[in-house]
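This is query00.tsv (TSV, C-alpha atoms).
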chain	number	residue	atom	x	y	z
G	26	MET	CA	25.31	-6.67	2.40
G	27	GLY	CA	22.20	-4.55	2.10
G	28	VAL	CA	20.81	-1.24	0.94
G	29	GLN	CA	21.79	1.74	3.10
G	30	ILE	CA	18.81	3.97	3.93
G	31	ALA	CA	18.58	6.68	6.59
G	32	SER	CA	21.54	5.26	8.55
G	33	SER	CA	19.91	1.82	8.70
G	34	THR	CA	20.33	-1.18	6.46
G	35	ILE	CA	17.56	-3.13	4.78
G	36	ARG	CA	18.74	-6.72	4.85
G	37	PRO	CA	18.34	-9.01	1.86
G	38	GLY	CA	15.28	-11.13	2.58
G	39	ALA	CA	13.46	-8.35	4.47
G	40	ALA	CA	9.84	-7.86	3.49
G	41	VAL	CA	10.63	-5.18	0.92
G	42	GLY	CA	12.38	-4.96	-2.40
G	43	VAL	CA	12.70	-2.93	-5.57
G	44	TYR	CA	10.19	-3.68	-8.32
G	45	PRO	CA	12.33	-3.77	-11.50
G	46	LYS	CA	9.61	-2.37	-13.77
G	47	THR	CA	9.42	0.98	-11.90
G	48	GLY	CA	12.42	1.11	-9.57
G	49	TYR	CA	10.08	1.82	-6.66
G	50	TRP	CA	10.01	-0.08	-3.34
G	51	MET	CA	7.25	-2.61	-2.73
G	52	SER	CA	5.96	-4.98	-0.08
G	53	GLU	CA	6.91	-8.63	0.01
G	54	PRO	CA	5.87	-9.84	-3.43
G	55	GLY	CA	2.94	-12.18	-3.83
G	56	ALA	CA	1.27	-13.16	-7.08
G	57	LEU	CA	0.47	-10.16	-9.26
G	58	SER	CA	-3.03	-10.01	-10.69
G	59	THR	CA	-5.63	-7.40	-11.57
G	60	GLY	CA	-8.99	-6.52	-10.08
G	61	ALA	CA	-11.63	-3.82	-9.93
G	62	PRO	CA	-11.89	-2.75	-6.28
G	63	SER	CA	-15.20	-1.81	-4.73
G	64	GLN	CA	-15.83	1.93	-4.62
G	65	ASN	CA	-14.72	3.73	-1.43
G	66	VAL	CA	-13.10	0.62	0.10
G	67	VAL	CA	-9.62	1.33	1.43
G	68	ARG	CA	-7.08	-1.46	1.13
G	69	TYR	CA	-3.94	-1.27	3.25
G	70	MET	CA	-0.59	-2.75	2.22
G	71	PRO	CA	2.07	-3.05	4.94
G	72	LEU	CA	5.62	-2.10	4.09
G	73	ASP	CA	8.61	-2.44	6.41
G	74	LEU	CA	11.21	0.34	6.16
G	75	PRO	CA	13.63	1.80	8.70
G	76	VAL	CA	12.31	4.69	10.80
G	77	GLY	CA	13.50	7.94	9.24
G	78	THR	CA	13.29	6.77	5.61
G	79	ALA	CA	12.40	9.71	3.35
G	80	LEU	CA	9.79	8.94	0.67
G	81	ASP	CA	9.21	11.21	-2.33
G	82	ARG	CA	6.71	9.34	-4.55
G	83	ILE	CA	3.81	6.90	-4.16
G	84	GLY	CA	2.18	5.16	-7.10
G	85	ILE	CA	0.09	2.36	-8.50
G	86	GLU	CA	-0.66	0.83	-11.89
G	87	HIS	CA	-4.14	0.64	-13.31
G	88	THR	CA	-4.80	-1.49	-16.36
G	89	VAL	CA	-8.41	-0.58	-17.29
G	90	ALA	CA	-9.91	2.90	-17.00
G	91	GLY	CA	-12.73	3.66	-14.59
G	92	GLY	CA	-15.86	5.62	-15.47
G	93	ALA	CA	-16.18	9.38	-15.76
G	94	GLY	CA	-14.93	11.07	-12.58
G	95	SER	CA	-13.08	7.96	-11.39
G	96	VAL	CA	-10.00	8.59	-9.23
G	97	ILE	CA	-7.56	6.51	-7.22
G	98	ARG	CA	-6.72	7.92	-3.77
G	99	LEU	CA	-3.32	7.00	-2.29
G	100	GLY	CA	-1.89	7.58	1.18
G	101	ILE	CA	0.26	6.22	3.97
G	102	TYR	CA	-0.60	5.37	7.58
G	103	ASN	CA	1.78	4.84	10.49
G	104	ASP	CA	1.63	1.46	12.21
G	105	ASP	CA	-0.39	1.44	15.45
G	106	GLY	CA	2.18	-0.74	17.24
G	107	TYR	CA	0.07	-3.86	16.80
G	108	GLY	CA	0.62	-4.45	13.07
G	109	GLN	CA	-2.39	-2.47	11.89
G	110	PRO	CA	-2.71	0.98	10.30
G	111	GLY	CA	-3.02	3.78	12.86
G	112	SER	CA	-2.56	7.53	12.38
G	113	LEU	CA	-2.44	9.09	8.92
G	114	LEU	CA	1.08	10.00	7.79
G	115	ILE	CA	-0.06	11.50	4.46
G	116	ASP	CA	-3.10	11.60	2.21
G	117	ALA	CA	-1.20	11.95	-1.07
G	118	GLY	CA	-4.30	12.89	-3.06
G	119	THR	CA	-5.78	11.32	-6.17
G	120	LEU	CA	-4.74	10.06	-9.59
G	121	ASP	CA	-6.95	10.33	-12.67
G	122	ALA	CA	-8.32	6.81	-13.22
G	123	THR	CA	-10.12	7.59	-16.50
G	124	VAL	CA	-6.99	6.65	-18.45
G	125	ALA	CA	-5.81	3.07	-18.80
G	126	GLY	CA	-2.63	1.08	-18.87
G	127	ALA	CA	-0.44	3.35	-16.83
G	128	PHE	CA	1.72	3.39	-13.74
G	129	GLN	CA	1.03	6.77	-12.17
G	130	SER	CA	2.56	8.32	-9.10
G	131	LEU	CA	2.13	11.33	-6.84
G	132	THR	CA	4.85	13.49	-5.32
G	133	ILE	CA	5.07	13.26	-1.53
G	134	ALA	CA	7.55	14.47	1.06
G	135	VAL	CA	7.33	12.32	4.19
G	136	THR	CA	9.65	10.51	6.55
G	137	THR	CA	8.64	7.23	8.13
G	138	ARG	CA	7.94	7.37	11.87
G	139	THR	CA	7.31	3.67	12.52
G	140	PRO	CA	9.23	0.60	11.24
G	141	ARG	CA	6.08	-0.55	9.44
G	142	ILE	CA	3.90	1.74	7.39
G	143	HIS	CA	0.64	0.92	5.67
G	144	CYS	CA	0.17	2.20	2.13
G	145	ALA	CA	-3.51	2.87	1.42
G	146	VAL	CA	-5.50	2.87	-1.83
G	147	ALA	CA	-9.17	3.51	-2.57
G	148	ALA	CA	-11.08	3.82	-5.86
G	149	GLN	CA	-13.44	6.79	-5.61
G	150	GLY	CA	-15.65	9.08	-7.68
G	151	SER	CA	-17.48	6.58	-9.91
G	152	ALA	CA	-19.35	3.32	-9.46
G	153	SER	CA	-17.41	2.13	-12.51
G	154	THR	CA	-14.04	1.68	-10.77
G	155	PRO	CA	-10.73	1.18	-12.60
G	156	THR	CA	-8.96	-2.15	-12.76
G	157	LEU	CA	-5.83	-1.98	-10.60
G	158	ARG	CA	-2.69	-4.09	-10.51
G	159	PHE	CA	-3.29	-6.17	-7.39
G	160	LEU	CA	-0.98	-8.09	-5.14
G	161	ALA	CA	-2.70	-11.36	-4.33
G	162	ALA	CA	-1.94	-12.95	-0.98
G	163	PRO	CA	0.22	-9.96	-0.08
G	164	VAL	CA	1.17	-10.46	3.54
G	165	ARG	CA	2.72	-13.38	5.32
G	166	ASP	CA	2.31	-12.06	8.79
G	167	PRO	CA	1.41	-13.60	12.15
G	168	TYR	CA	-0.89	-10.63	12.93
G	169	PHE	CA	-3.38	-11.86	10.34
G	170	THR	CA	-4.97	-15.21	11.12
G	171	THR	CA	-8.14	-17.10	10.33
G	172	SER	CA	-11.19	-16.44	12.47
G	173	ASN	CA	-10.40	-19.39	14.72
G	174	MET	CA	-6.82	-18.11	15.19
G	175	THR	CA	-5.27	-21.38	14.04
G	176	SER	CA	-3.14	-20.41	11.06
G	177	ALA	CA	-1.45	-17.42	9.46
G	178	GLN	CA	-3.12	-16.22	6.28
G	179	ASN	CA	-2.12	-13.89	3.48
G	180	MET	CA	-4.50	-10.98	3.88
G	181	ALA	CA	-4.81	-7.23	3.56
G	182	LEU	CA	-6.82	-5.09	5.94
G	183	THR	CA	-9.70	-3.01	4.57
G	184	GLY	CA	-11.63	0.07	5.67
G	185	ALA	CA	-13.75	2.81	4.09
G	186	ALA	CA	-13.30	6.39	2.84
G	187	THR	CA	-15.61	8.38	0.58
G	188	GLY	CA	-13.24	11.36	0.29
G	189	ALA	CA	-10.02	12.25	2.05
G	190	PHE	CA	-8.52	9.51	4.18
G	191	PRO	CA	-9.46	9.80	7.87
G	192	ALA	CA	-6.87	10.96	10.45
G	193	THR	CA	-7.00	7.49	12.04
G	194	ALA	CA	-7.42	4.32	9.99
G	195	SER	CA	-10.69	2.49	10.32
G	196	VAL	CA	-10.09	-1.22	9.82
G	197	SER	CA	-13.29	-3.13	9.21
G	198	GLY	CA	-12.32	-6.30	7.38
G	199	VAL	CA	-9.74	-8.33	5.50
G	200	SER	CA	-9.19	-9.20	1.87
G	201	GLY	CA	-6.98	-11.66	0.01
G	202	THR	CA	-5.76	-8.88	-2.30
G	203	THR	CA	-4.55	-5.30	-2.11
G	204	GLY	CA	-3.48	-2.67	-4.58
G	205	PHE	CA	0.13	-3.11	-5.65
G	206	ILE	CA	1.20	0.24	-4.18
G	207	GLN	CA	4.82	1.28	-4.55
G	208	VAL	CA	6.88	4.05	-2.95
G	209	ARG	CA	10.10	5.73	-4.01
G	210	ILE	CA	12.83	6.51	-1.51
G	211	GLY	CA	14.16	10.00	-2.09

As a first step, turn the structure in this file into structure tokens.
Amino acid sequence: MGVQIASSTIRPGAAVGVYPKTGYWMSEPGALSTGAPSQNVVRYMPLDLPVGTALDRIGIEHTVAGGAGSVIRLGIYNDDGYGQPGSLLIDAGTLDATVAGAFQSLTIAVTTRTPRIHCAVAAQGSASTPTLRFLAAPVRDPYFTTSNMTSAQNMALTGAATGAFPATASVSGVSGTTGFIQVRIG
């Protein structure tokens, strides 16, 4: 038994699920927390969905407002075939981050091209960034290991963007947290 999507089935126990608070799809749940991300640092959250899944919304919750001009940029990258973000599927644009305590989403119209996508989030526009709902220890994945390659860790990849997301992801580090980005299948 599973959820039928785009002529494929998402099996119970797969690394996705519906977040009851919003009804949107999310990555494998870790501990939810909050945090103020560094300005212009992109955090990527992997999400496994069948190829051909149509997505119509992408969103995130922020709990504390950022400073004047603060925005949250959201987007989606295709997987590069090695478990990391590759080519840009969509730069969904920005949400106003000067308001607090809200789950906000942007309308998108994309279809997944790879079995793993990477949702991207970056706080931009103000040094006083908003506090986002974070997913701590988000990924249990053999691609991400400690520097000595001895054990799997729960990490999110990071990069940088001062404006629109680049056409190809630039991965420059790892983090123990990522924005709790959610997508709606439509």

Inset, instruction - May I ask which of the residues G:Thr132, G:Thr203, G:Ser197, G:Gln109 is the closest one to G:Arg82, counting all atoms listed in the file? - result: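 Closest to G:Arg82, using all atoms listed in the file: G:Thr132.
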
With 6 Å as the cut-off and all atoms listed in the file counted, what is the closest atom pair between each nearby residue of stretch 97-121 of chain G and stretch 142-158 of chain G? Distances in Å to one decimal, ordered by chain and number, as a tab-separated table.
residue	atom	partner	partner_atom	distance
G:Ile97	CA	G:Ala148	CA	4.6
G:Arg98	CA	G:Ala147	CA	5.2
G:Leu99	CA	G:Val146	CA	4.7
G:Gly100	CA	G:Ala145	CA	5.0
G:Ile101	CA	G:Cys144	CA	4.4
G:Tyr102	CA	G:His143	CA	5.0
G:Asn103	CA	G:Ile142	CA	4.9
G:Asp104	CA	G:Ile142	CA	5.3
G:Pro110	CA	G:His143	CA	5.7

Expected file contents, prior selection, C-alpha atoms, as a short mmCIF file (atom, residue, chain, number, x, y, z; two decimals), in the frame of the given file:
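What follows is the written file part_8.cif:
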data_model
loop_
_atom_site.label_atom_id
_atom_site.label_comp_id
_atom_site.auth_asym_id
_atom_site.auth_seq_id
_atom_site.Cartn_x
_atom_site.Cartn_y
_atom_site.Cartn_z
CA ILE G 97 -7.56 6.51 -7.22
CA ARG G 98 -6.72 7.92 -3.77
CA LEU G 99 -3.32 7.00 -2.29
CA GLY G 100 -1.89 7.58 1.18
CA ILE G 101 0.26 6.22 3.97
CA TYR G 102 -0.60 5.37 7.58
CA ASN G 103 1.78 4.84 10.49
CA ASP G 104 1.63 1.46 12.21
CA PRO G 110 -2.71 0.98 10.30
#

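Atom to atom, atom CA of G:Thr123 and atom CA of G:Trp50 stand 25.2 Å apart.
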
Inset, instruction - Fewer than 5 positions away in the same chain doesn't count, so skip those; otherwise give me all residues within 8 Å of G:Ala125, counting only C-alpha atoms, as a ChimeraX atom specification. - result: /G:87-90

Legend entry - Exercise: G:Leu131 partners within 7 Å, all atoms listed in the file, chain neighbours under 2 positions left out, as a ChimeraX atom specification: /G:82-84,117,133

Inset, instruction - Calculate how many Å separate atom CA of G:Ile206 from atom CA of G:Ile85, rounding to one decimal. - result: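 Computing it gives 4.9 Å between the two atoms.
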
Legend entry - Atom pair atom CA of G:Ala186 / atom CA of G:Thr202: separation (Å):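 That distance, rounded to one decimal, is 17.8 Å.
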
Draw an axis-aligned box over all listed atoms of stretch 148-161 of chain G, pad each side with 3 Å, and write its centre and edge lengths in Å, one decimal, as lines of an AutoDock Vina configuration file.
center_x = -10.2
center_y = -1.1
center_z = -8.5
size_x = 24.4
size_y = 26.4
size_z = 14.4

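Using only C-alpha atoms, the residues found no farther than 6 Å from G:Thr137, other than those of its own chain fewer than 5 positions away, are Val76, Gly77 and Thr78 of chain G.
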
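Minimum atom-to-atom distance to G:Asp105, evaluated using all atoms listed in the file, belongs to G:Thr139 out of G:Ser195, G:Thr187, G:Gln64, G:Thr139.
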
Inset, instruction - Would you mind telling me which residue in G:Gln207, G:Thr47, G:Ser95, G:Thr59 lies nearest to G:Asp121 when using all atoms listed in the file? - result: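 Between G:Gln207, G:Thr47, G:Ser95, G:Thr59, the residue approaching G:Asp121 most closely is G:Ser95.
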
Inset, instruction - Between G:Thr119, G:Gln129, G:Thr183, G:Thr193, single out the one closest to G:Met70, counting all atoms listed in the file. - result: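 Checking each of G:Thr119, G:Gln129, G:Thr183, G:Thr193 against G:Met70, counting all atoms listed in the file, the winner is G:Thr183.
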
Inset, instruction - Point out the residue among G:Leu57, G:Val66, G:Ala79, G:Ile210 with the least atom-to-atom distance to G:Ala185, counting all atoms listed in the file. - result: G:Val66

Legend entry - Residue nearest G:Ala189 among G:Ala93, G:Leu113, G:Leu72, G:Ala56 (counting all atoms listed in the file):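 Of all the options, G:Leu113 lies closest to G:Ala189.
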